[in-house]
$ cat query.csv   # CSV, N, CA and C atoms
chain,number,residue,atom,x,y,z
A,559,MET,N,10.2,7.5,-18.2
A,559,MET,CA,11.0,7.8,-17.0
A,559,MET,C,10.3,7.2,-15.8
A,560,TYR,N,9.0,7.3,-15.7
A,560,TYR,CA,8.2,6.7,-14.6
A,560,TYR,C,8.4,5.2,-14.5
A,561,ILE,N,8.3,4.6,-15.7
A,561,ILE,CA,8.4,3.1,-15.8
A,561,ILE,C,9.8,2.7,-15.4
A,562,THR,N,10.8,3.4,-15.9
A,562,THR,CA,12.2,3.1,-15.6
A,562,THR,C,12.4,3.2,-14.1
A,563,ARG,N,11.9,4.3,-13.4
A,563,ARG,CA,12.1,4.5,-12.0
A,563,ARG,C,11.4,3.3,-11.2
A,564,LYS,N,10.2,3.0,-11.7
A,564,LYS,CA,9.5,1.9,-11.0
A,564,LYS,C,10.2,0.5,-11.2
A,565,ALA,N,10.8,0.3,-12.3
A,565,ALA,CA,11.5,-0.9,-12.6
A,565,ALA,C,12.7,-1.0,-11.7
A,566,MET,N,13.4,0.1,-11.5
A,566,MET,CA,14.6,0.2,-10.6
A,566,MET,C,14.2,-0.1,-9.2
A,567,GLU,N,13.1,0.5,-8.8
A,567,GLU,CA,12.6,0.3,-7.4
A,567,GLU,C,12.2,-1.1,-7.2
A,568,TYR,N,11.6,-1.7,-8.2
A,568,TYR,CA,11.2,-3.1,-8.1
A,568,TYR,C,12.4,-4.1,-8.0
A,569,LEU,N,13.4,-3.8,-8.8
A,569,LEU,CA,14.6,-4.6,-8.8
A,569,LEU,C,15.5,-4.5,-7.6
A,570,ASN,N,15.5,-3.3,-7.0
A,570,ASN,CA,16.3,-3.0,-5.9
A,570,ASN,C,15.6,-2.0,-4.9
A,571,PRO,N,14.5,-2.5,-4.3
A,571,PRO,CA,13.8,-1.6,-3.3
A,571,PRO,C,14.7,-1.3,-2.1
A,572,LYS,N,14.9,0.0,-1.8
A,572,LYS,CA,15.7,0.4,-0.7
A,572,LYS,C,14.7,0.7,0.4
A,573,ILE,N,14.5,-0.2,1.4
A,573,ILE,CA,13.6,0.0,2.5
A,573,ILE,C,14.2,0.8,3.5
A,574,ASN,N,13.6,1.9,3.9
A,574,ASN,CA,14.1,2.9,4.9
A,574,ASN,C,13.8,2.2,6.3
A,575,ARG,N,14.9,1.9,6.9
A,575,ARG,CA,14.8,1.2,8.2
A,575,ARG,C,14.2,2.0,9.3
A,576,THR,N,14.4,3.3,9.3
A,576,THR,CA,13.8,4.2,10.3
A,576,THR,C,12.2,4.1,10.2
A,577,TYR,N,11.7,4.2,9.0
A,577,TYR,CA,10.3,4.1,8.8
A,577,TYR,C,9.8,2.7,9.1
A,578,MET,N,10.6,1.7,8.7
A,578,MET,CA,10.2,0.3,9.0
A,578,MET,C,10.0,0.1,10.5
A,579,ASN,N,11.0,0.6,11.3
A,579,ASN,CA,10.9,0.4,12.7
A,579,ASN,C,9.7,1.2,13.3
A,580,GLU,N,9.4,2.4,12.7
A,580,GLU,CA,8.3,3.2,13.2
A,580,GLU,C,6.9,2.5,12.9
A,581,VAL,N,6.8,2.0,11.7
A,581,VAL,CA,5.5,1.4,11.3
A,581,VAL,C,5.3,0.1,12.0
A,582,LEU,N,6.3,-0.7,12.3
A,582,LEU,CA,6.1,-1.9,13.0
A,582,LEU,C,5.5,-1.7,14.4
A,583,LYS,N,5.7,-0.5,14.9
A,583,LYS,CA,5.1,-0.2,16.2
A,583,LYS,C,3.7,0.1,16.2
A,584,ILE,N,3.1,0.5,15.1
A,584,ILE,CA,1.7,0.9,15.0
A,584,ILE,C,0.8,-0.3,14.5
A,585,LEU,N,1.4,-1.3,14.0
A,585,LEU,CA,0.7,-2.4,13.5
A,585,LEU,C,0.5,-3.5,14.7
A,586,THR,N,-0.7,-4.1,14.7
A,586,THR,CA,-0.9,-5.2,15.6
A,586,THR,C,0.0,-6.4,15.1
A,587,GLU,N,0.1,-7.4,15.9
A,587,GLU,CA,0.9,-8.6,15.5
A,587,GLU,C,0.4,-9.2,14.2
A,588,LYS,N,-0.9,-9.3,14.1
A,588,LYS,CA,-1.5,-10.0,12.9
A,588,LYS,C,-1.3,-9.1,11.7
A,589,GLU,N,-1.4,-7.8,11.9
A,589,GLU,CA,-1.2,-6.8,10.8
A,589,GLU,C,0.3,-6.8,10.4
A,590,LYS,N,1.1,-6.9,11.4
A,590,LYS,CA,2.6,-6.9,11.1
A,590,LYS,C,2.9,-8.1,10.3
A,591,ARG,N,2.4,-9.2,10.6
A,591,ARG,CA,2.6,-10.5,9.9
A,591,ARG,C,2.3,-10.3,8.4
A,592,ILE,N,1.1,-9.7,8.2
A,592,ILE,CA,0.7,-9.5,6.8
A,592,ILE,C,1.6,-8.6,6.1
A,593,PHE,N,2.0,-7.5,6.7
A,593,PHE,CA,2.9,-6.5,6.1
A,593,PHE,C,4.3,-7.2,5.8
A,594,LEU,N,4.8,-7.9,6.7
A,594,LEU,CA,6.1,-8.6,6.5
A,594,LEU,C,6.1,-9.7,5.5
A,595,GLU,N,4.9,-10.2,5.2
A,595,GLU,CA,4.8,-11.2,4.1
A,595,GLU,C,4.8,-10.6,2.7
A,596,MET,N,4.5,-9.3,2.6
A,596,MET,CA,4.4,-8.7,1.3
A,596,MET,C,5.8,-8.7,0.6
A,597,SER,N,5.8,-8.6,-0.7
A,597,SER,CA,7.1,-8.6,-1.4
A,597,SER,C,7.9,-7.3,-1.0
A,598,ASP,N,9.2,-7.4,-1.2
A,598,ASP,CA,10.0,-6.3,-0.8
A,598,ASP,C,9.6,-5.0,-1.5
A,599,TYR,N,9.2,-5.1,-2.8
A,599,TYR,CA,8.8,-3.9,-3.5
A,599,TYR,C,7.5,-3.4,-2.9
A,600,ASP,N,6.5,-4.2,-2.6
A,600,ASP,CA,5.3,-3.7,-2.0
A,600,ASP,C,5.5,-3.1,-0.6
A,601,LYS,N,6.4,-3.7,0.2
A,601,LYS,CA,6.8,-3.0,1.4
A,601,LYS,C,7.4,-1.6,1.2
A,602,PHE,N,8.3,-1.6,0.2
A,602,PHE,CA,8.9,-0.3,-0.1
A,602,PHE,C,7.9,0.7,-0.6
A,603,HIS,N,7.0,0.3,-1.5
A,603,HIS,CA,5.9,1.2,-2.0
A,603,HIS,C,5.0,1.7,-0.8
A,604,SER,N,4.7,0.7,0.1
A,604,SER,CA,3.8,1.0,1.2
A,604,SER,C,4.4,2.0,2.1
A,605,LEU,N,5.7,1.9,2.4
A,605,LEU,CA,6.5,2.8,3.2
A,605,LEU,C,6.5,4.2,2.6
A,606,GLU,N,6.7,4.2,1.3
A,606,GLU,CA,6.7,5.5,0.6
A,606,GLU,C,5.3,6.2,0.7
A,607,VAL,N,4.2,5.4,0.6
A,607,VAL,CA,2.9,6.0,0.8
A,607,VAL,C,2.7,6.5,2.2
A,608,TYR,N,3.2,5.7,3.1
A,608,TYR,CA,3.1,6.1,4.6
A,608,TYR,C,3.9,7.4,4.8
A,609,LYS,N,5.1,7.5,4.2
A,609,LYS,CA,5.9,8.7,4.4
A,609,LYS,C,5.2,9.9,3.8
A,610,LYS,N,4.6,9.8,2.7
A,610,LYS,CA,3.9,10.9,2.1
A,610,LYS,C,2.6,11.3,2.9
A,611,LEU,N,1.9,10.3,3.4
A,611,LEU,CA,0.7,10.5,4.1
A,611,LEU,C,1.0,11.2,5.4
A,612,LYS,N,2.2,11.0,6.0
A,612,LYS,CA,2.6,11.7,7.2
A,612,LYS,C,2.8,13.2,7.0
A,613,LYS,N,2.8,13.6,5.8
A,613,LYS,CA,3.0,15.1,5.5
A,613,LYS,C,1.6,15.7,5.1
A,614,THR,N,0.5,15.0,5.3
A,614,THR,CA,-0.8,15.5,5.0
A,614,THR,C,-1.6,15.7,6.3
A,615,GLU,N,-2.8,16.1,6.1
A,615,GLU,CA,-3.7,16.3,7.3
A,615,GLU,C,-4.1,14.9,7.9
A,616,LEU,N,-3.8,13.8,7.2
A,616,LEU,CA,-4.1,12.5,7.8
A,616,LEU,C,-2.9,12.0,8.6
A,617,LYS,N,-1.9,12.8,8.9
A,617,LYS,CA,-0.7,12.3,9.6
A,617,LYS,C,-0.9,11.7,10.9
A,618,ASN,N,-2.1,11.9,11.6
A,618,ASN,CA,-2.4,11.3,12.9
A,618,ASN,C,-3.6,10.4,12.8
A,619,ASP,N,-4.0,10.1,11.6
A,619,ASP,CA,-5.1,9.2,11.4
A,619,ASP,C,-4.6,7.7,11.3
A,620,GLU,N,-4.7,7.0,12.4
A,620,GLU,CA,-4.1,5.7,12.5
A,620,GLU,C,-4.6,4.7,11.4
A,621,LYS,N,-5.9,4.8,11.1
A,621,LYS,CA,-6.5,3.9,10.1
A,621,LYS,C,-6.0,4.1,8.7
A,622,TYR,N,-5.7,5.4,8.4
A,622,TYR,CA,-5.2,5.7,7.0
A,622,TYR,C,-3.7,5.4,7.0
A,623,LEU,N,-3.0,5.5,8.1
A,623,LEU,CA,-1.6,5.2,8.2
A,623,LEU,C,-1.4,3.7,8.0
A,624,LYS,N,-2.3,2.9,8.7
A,624,LYS,CA,-2.3,1.5,8.5
A,624,LYS,C,-2.7,1.1,7.1
A,625,LEU,N,-3.6,1.8,6.5
A,625,LEU,CA,-4.0,1.5,5.2
A,625,LEU,C,-2.8,1.7,4.2
A,626,ALA,N,-2.0,2.7,4.5
A,626,ALA,CA,-0.9,3.0,3.6
A,626,ALA,C,0.0,1.7,3.6
A,627,LEU,N,0.1,1.1,4.8
A,627,LEU,CA,1.0,-0.1,4.9
A,627,LEU,C,0.4,-1.4,4.4
A,628,LEU,N,-0.9,-1.5,4.4
A,628,LEU,CA,-1.5,-2.8,4.1
A,628,LEU,C,-2.4,-2.8,2.8
A,629,HIS,N,-2.5,-1.6,2.1
A,629,HIS,CA,-3.5,-1.6,1.0
A,629,HIS,C,-3.2,-2.5,-0.1
A,630,ASP,N,-1.9,-2.9,-0.4
A,630,ASP,CA,-1.6,-3.7,-1.5
A,630,ASP,C,-1.2,-5.1,-1.0
A,631,CYS,N,-1.6,-5.5,0.1
A,631,CYS,CA,-1.2,-6.9,0.6
A,631,CYS,C,-1.9,-8.0,-0.2
A,632,GLY,N,-2.8,-7.7,-1.0
A,632,GLY,CA,-3.5,-8.7,-1.9
A,632,GLY,C,-2.7,-8.9,-3.2
A,633,LYS,N,-1.7,-8.2,-3.4
A,633,LYS,CA,-1.0,-8.4,-4.7
A,633,LYS,C,-0.1,-9.6,-4.8
A,634,GLY,N,0.4,-10.1,-3.7
A,634,GLY,CA,1.2,-11.3,-3.7
A,634,GLY,C,2.5,-11.0,-4.5
A,635,ASN,N,3.3,-12.0,-4.7
A,635,ASN,CA,4.6,-11.9,-5.4
A,635,ASN,C,4.4,-12.0,-6.9
A,636,VAL,N,4.3,-10.9,-7.6
A,636,VAL,CA,4.1,-10.9,-9.1
A,636,VAL,C,5.3,-10.4,-9.7
A,637,SER,N,5.5,-10.7,-11.0
A,637,SER,CA,6.7,-10.3,-11.7
A,637,SER,C,6.6,-8.8,-12.1
A,638,ILE,N,7.7,-8.3,-12.5
A,638,ILE,CA,7.8,-6.9,-13.0
A,638,ILE,C,7.0,-6.8,-14.3
A,639,VAL,N,6.9,-7.8,-15.1
A,639,VAL,CA,6.2,-7.7,-16.3
A,639,VAL,C,4.7,-7.6,-16.0
A,640,THR,N,4.2,-8.4,-15.1
A,640,THR,CA,2.8,-8.2,-14.7
A,640,THR,C,2.5,-6.9,-14.2
A,641,ARG,N,3.4,-6.3,-13.4
A,641,ARG,CA,3.2,-5.0,-12.8
A,641,ARG,C,3.2,-3.9,-13.9
A,642,VAL,N,4.0,-4.0,-14.9
A,642,VAL,CA,4.1,-3.0,-16.0
A,642,VAL,C,2.8,-3.1,-16.8
A,643,LEU,N,2.4,-4.4,-17.1
A,643,LEU,CA,1.2,-4.5,-17.9
A,643,LEU,C,0.0,-4.0,-17.1
A,644,HIS,N,-0.1,-4.2,-15.8
A,644,HIS,CA,-1.2,-3.6,-15.0
A,644,HIS,C,-1.2,-2.1,-15.1
A,645,LYS,N,0.0,-1.5,-14.9
A,645,LYS,CA,0.1,0.0,-15.0
A,645,LYS,C,-0.3,0.5,-16.4
A,646,LEU,N,-0.1,-0.3,-17.4
A,646,LEU,CA,-0.5,0.2,-18.8
A,646,LEU,C,-2.0,-0.1,-19.0
A,647,GLY,N,-2.7,-0.6,-18.0
A,647,GLY,CA,-4.1,-0.8,-18.2
A,647,GLY,C,-4.5,-2.1,-18.7
A,648,ILE,N,-3.6,-3.0,-18.9
A,648,ILE,CA,-3.9,-4.3,-19.4
A,648,ILE,C,-4.4,-5.2,-18.2
A,649,LYS,N,-5.4,-5.9,-18.4
A,649,LYS,CA,-6.0,-6.8,-17.3
A,649,LYS,C,-5.0,-7.9,-16.9
A,650,THR,N,-4.7,-7.9,-15.7
A,650,THR,CA,-3.8,-8.9,-15.1
A,650,THR,C,-4.4,-9.4,-13.8
A,651,LYS,N,-3.7,-10.3,-13.2
A,651,LYS,CA,-4.3,-10.8,-11.9
A,651,LYS,C,-4.2,-9.7,-10.8
A,652,LEU,N,-3.5,-8.6,-11.1
A,652,LEU,CA,-3.5,-7.5,-10.1
A,652,LEU,C,-4.8,-6.7,-10.1
A,653,LYS,N,-5.7,-6.9,-11.1
A,653,LYS,CA,-6.9,-6.2,-11.2
A,653,LYS,C,-7.8,-6.4,-9.9
A,654,ASN,N,-7.7,-7.5,-9.3
A,654,ASN,CA,-8.5,-7.8,-8.1
A,654,ASN,C,-7.8,-7.7,-6.8
A,655,HIS,N,-6.6,-7.0,-6.8
A,655,HIS,CA,-5.8,-7.0,-5.6
A,655,HIS,C,-6.5,-6.3,-4.5
A,656,ALA,N,-7.4,-5.3,-4.7
A,656,ALA,CA,-8.1,-4.6,-3.6
A,656,ALA,C,-9.0,-5.6,-2.9
A,657,ASN,N,-9.7,-6.4,-3.7
A,657,ASN,CA,-10.6,-7.4,-3.1
A,657,ASN,C,-9.8,-8.5,-2.3
A,658,LYS,N,-8.7,-8.9,-2.9
A,658,LYS,CA,-7.8,-9.9,-2.2
A,658,LYS,C,-7.2,-9.3,-0.9
A,659,SER,N,-6.9,-8.0,-0.9
A,659,SER,CA,-6.5,-7.3,0.3
A,659,SER,C,-7.6,-7.3,1.4
A,660,PHE,N,-8.8,-7.0,0.9
A,660,PHE,CA,-10.0,-7.1,1.8
A,660,PHE,C,-10.1,-8.5,2.5
A,661,GLU,N,-10.0,-9.5,1.7
A,661,GLU,CA,-10.1,-10.9,2.2
A,661,GLU,C,-9.0,-11.2,3.2
A,662,LYS,N,-7.8,-10.7,3.0
A,662,LYS,CA,-6.7,-11.0,3.9
A,662,LYS,C,-6.9,-10.3,5.2
A,663,LEU,N,-7.6,-9.1,5.2
A,663,LEU,CA,-7.6,-8.2,6.3
A,663,LEU,C,-8.9,-8.3,7.1
A,664,VAL,N,-10.0,-8.7,6.5
A,664,VAL,CA,-11.3,-8.6,7.1
A,664,VAL,C,-11.5,-9.2,8.5
A,665,LYS,N,-10.8,-10.3,8.8
A,665,LYS,CA,-10.9,-11.0,10.1
A,665,LYS,C,-9.9,-10.4,11.1
A,666,ILE,N,-9.0,-9.5,10.6
A,666,ILE,CA,-8.0,-8.9,11.5
A,666,ILE,C,-8.4,-7.5,11.8
A,667,ASN,N,-8.8,-6.7,10.8
A,667,ASN,CA,-9.2,-5.4,11.1
A,667,ASN,C,-10.2,-5.0,10.0
A,668,GLU,N,-11.5,-5.1,10.3
A,668,GLU,CA,-12.5,-4.9,9.3
A,668,GLU,C,-12.5,-3.5,8.7
A,669,GLU,N,-12.2,-2.5,9.5
A,669,GLU,CA,-12.2,-1.1,9.1
A,669,GLU,C,-11.1,-0.9,8.0
A,670,ILE,N,-9.9,-1.4,8.3
A,670,ILE,CA,-8.8,-1.3,7.3
A,670,ILE,C,-9.2,-2.1,6.1
A,671,ALA,N,-9.8,-3.3,6.3
A,671,ALA,CA,-10.2,-4.2,5.1
A,671,ALA,C,-11.1,-3.4,4.2
A,672,ILE,N,-12.1,-2.7,4.7
A,672,ILE,CA,-13.0,-2.0,3.9
A,672,ILE,C,-12.3,-0.9,3.1
A,673,LEU,N,-11.4,-0.2,3.8
A,673,LEU,CA,-10.7,0.9,3.2
A,673,LEU,C,-9.8,0.3,2.1
A,674,ALA,N,-9.1,-0.8,2.3
A,674,ALA,CA,-8.3,-1.5,1.3
A,674,ALA,C,-9.1,-1.9,0.1
A,675,LYS,N,-10.3,-2.4,0.3
A,675,LYS,CA,-11.1,-2.8,-0.8
A,675,LYS,C,-11.5,-1.6,-1.7
A,676,ASN,N,-11.5,-0.4,-1.0
A,676,ASN,CA,-12.0,0.8,-1.7
A,676,ASN,C,-10.8,1.8,-2.1
A,677,HIS,N,-9.6,1.3,-2.0
A,677,HIS,CA,-8.5,2.3,-2.1
A,677,HIS,C,-8.3,2.8,-3.5
A,678,HIS,N,-9.0,2.3,-4.5
A,678,HIS,CA,-9.0,2.8,-5.9
A,678,HIS,C,-10.3,3.5,-6.2
A,679,ASN,N,-11.3,3.5,-5.3
A,679,ASN,CA,-12.6,4.1,-5.6
A,679,ASN,C,-12.5,5.6,-5.5
A,680,LYS,N,-12.6,6.3,-6.6
A,680,LYS,CA,-12.3,7.7,-6.6
A,680,LYS,C,-13.4,8.6,-5.9
A,681,GLU,N,-14.5,7.9,-5.6
A,681,GLU,CA,-15.6,8.7,-5.0
A,681,GLU,C,-15.9,8.2,-3.6
A,682,TYR,N,-15.0,7.6,-2.9
A,682,TYR,CA,-15.2,7.0,-1.6
A,682,TYR,C,-15.3,8.0,-0.5
A,683,SER,N,-14.3,8.9,-0.4
A,683,SER,CA,-14.3,9.9,0.6
A,683,SER,C,-13.2,10.9,0.4
A,684,GLN,N,-13.3,12.1,1.0
A,684,GLN,CA,-12.2,13.1,0.9
A,684,GLN,C,-10.9,12.6,1.4
A,685,GLU,N,-11.0,11.8,2.5
A,685,GLU,CA,-9.8,11.3,3.1
A,685,GLU,C,-9.1,10.3,2.1
A,686,MET,N,-10.0,9.5,1.5
A,686,MET,CA,-9.4,8.5,0.5
A,686,MET,C,-8.8,9.2,-0.7
A,687,ASN,N,-9.3,10.4,-1.1
A,687,ASN,CA,-8.7,11.2,-2.1
A,687,ASN,C,-7.3,11.6,-1.8
A,688,ILE,N,-7.1,12.0,-0.5
A,688,ILE,CA,-5.8,12.3,0.0
A,688,ILE,C,-4.9,11.1,-0.1
A,689,PHE,N,-5.4,10.0,0.4
A,689,PHE,CA,-4.6,8.7,0.4
A,689,PHE,C,-4.2,8.4,-1.0
A,690,GLN,N,-5.2,8.4,-2.0
A,690,GLN,CA,-4.9,8.1,-3.4
A,690,GLN,C,-3.9,8.9,-4.0
A,691,LYS,N,-3.9,10.2,-3.7
A,691,LYS,CA,-2.8,11.1,-4.2
A,691,LYS,C,-1.4,10.6,-3.7
A,692,CYS,N,-1.3,10.3,-2.5
A,692,CYS,CA,-0.1,9.8,-1.9
A,692,CYS,C,0.3,8.4,-2.6
A,693,ASP,N,-0.7,7.6,-2.8
A,693,ASP,CA,-0.4,6.3,-3.4
A,693,ASP,C,0.0,6.5,-4.9
A,694,ASP,N,-0.6,7.4,-5.6
A,694,ASP,CA,-0.3,7.6,-7.0
A,694,ASP,C,1.1,8.2,-7.1
A,695,GLU,N,1.5,9.0,-6.2
A,695,GLU,CA,2.8,9.6,-6.2
A,695,GLU,C,4.0,8.7,-5.8
A,696,SER,N,3.6,7.6,-5.2
A,696,SER,CA,4.7,6.7,-4.7
A,696,SER,C,5.0,5.6,-5.6

$ encode --input "query.csv" --output "structure tokens"
Amino acid sequence: MYITRKAMEYLNPKINRTYMNEVLKILTEKEKRIFLEMSDYDKFHSLEVYKKLKKTELKNDEKYLKLALLHDCGKGNVSIVTRVLHKLGIKTKLKNHANKSFEKLVKINEEIAILAKNHHNKEYSQEMNIFQKCDDES
């Protein structure tokens, strides 16, 4: 069921324009450019993480809201097959997406870059645990 839902979201991501307009206001021009360069699916996923994060105690934490939008910017445009293999635990080029996100962001916003690099680190911080729950559910 999960894989089917994710496949449908990948093939036809429905981007919520209300959230899109809201998030474009909190990103700097350089951050916005990175966000808009992401695949439609990754933008959709990031907006879903953002939406869930807005319902947590991090709802006013700008750095985590920005992280929600930019954490997967290192994935690039990869096929659905690669994404499924990655979700199944098979090593793909997505394995290093957190480091690639860091590299894209470090000269623009070092704090967000460090968070993006650690967004899968289960022992990073209590705030990151909240973020990861939202990411996993999206």

$ closest_residue --input "query.csv" --among "A:Gln690, A:Asn654, A:Asn574, A:Ser683" --to "Leu625 (chain A)" --atoms "only C-alpha atoms"
A:Gln690

$ atom_distance --input "query.csv" --atom1 "CA of Glu695 (chain A)" --atom2 "CA of Glu615 (chain A)"
16.4 Å

$ closest_residue --input "query.csv" --among "A:Phe689, A:Tyr622, A:Tyr568, A:Tyr682" --to "Asp600 (chain A)" --atoms "all atoms listed in the file"
A:Tyr568

$ closest_residue --input "query.csv" --among "A:Leu569, A:Ile666, A:Val639, A:Val607" --to "Glu589 (chain A)" --atoms "all atoms listed in the file"
A:Ile666

$ closest_residue --input "query.csv" --among "A:Asn679, A:His603, A:Glu668, A:Thr640" --to "Leu652 (chain A)" --atoms "all atoms listed in the file"
A:Thr640

$ residues_around --input "query.csv" --residues "Lys610 (chain A)" --least-positions-apart "4" --cutoff "12 Å" --atoms "only C-alpha atoms" --output "list in words"
Tyr577, His603, Ser604, Leu605, Glu606, Thr614, Glu615, Leu616, Lys617, Tyr622, Leu623, Ala626, Leu627, Ile688, Phe689, Gln690, Lys691, Cys692, Asp693, Asp694, Glu695 and Ser696 of chain A

$ closest_residue --input "query.csv" --among "A:Asn618, A:Gly634, A:Ala674, A:Thr562" --to "Asn657 (chain A)" --atoms "all atoms listed in the file"
A:Ala674

$ atom_distance --input "query.csv" --atom1 "atom C of Lys649 (chain A)" --atom2 "atom C of Lys624 (chain A)"
25.7 Å

$ atom_distance --input "query.csv" --atom1 "CA of Asn635 (chain A)" --atom2 "CA of Ser659 (chain A)"
13.3 Å

$ closest_residue --input "query.csv" --among "A:Met596, A:Leu611, A:Val642, A:Ile648" --to "Asp630 (chain A)" --atoms "all atoms listed in the file"
A:Met596

$ select_by_dssp --input "query.csv" --residues "region 586-675 of chain A" --states "alpha helix (DSSP H)" --output "PyMOL selection string"
chain A and resi 587-595+598-611+620-628+638-645+655-663+668-675
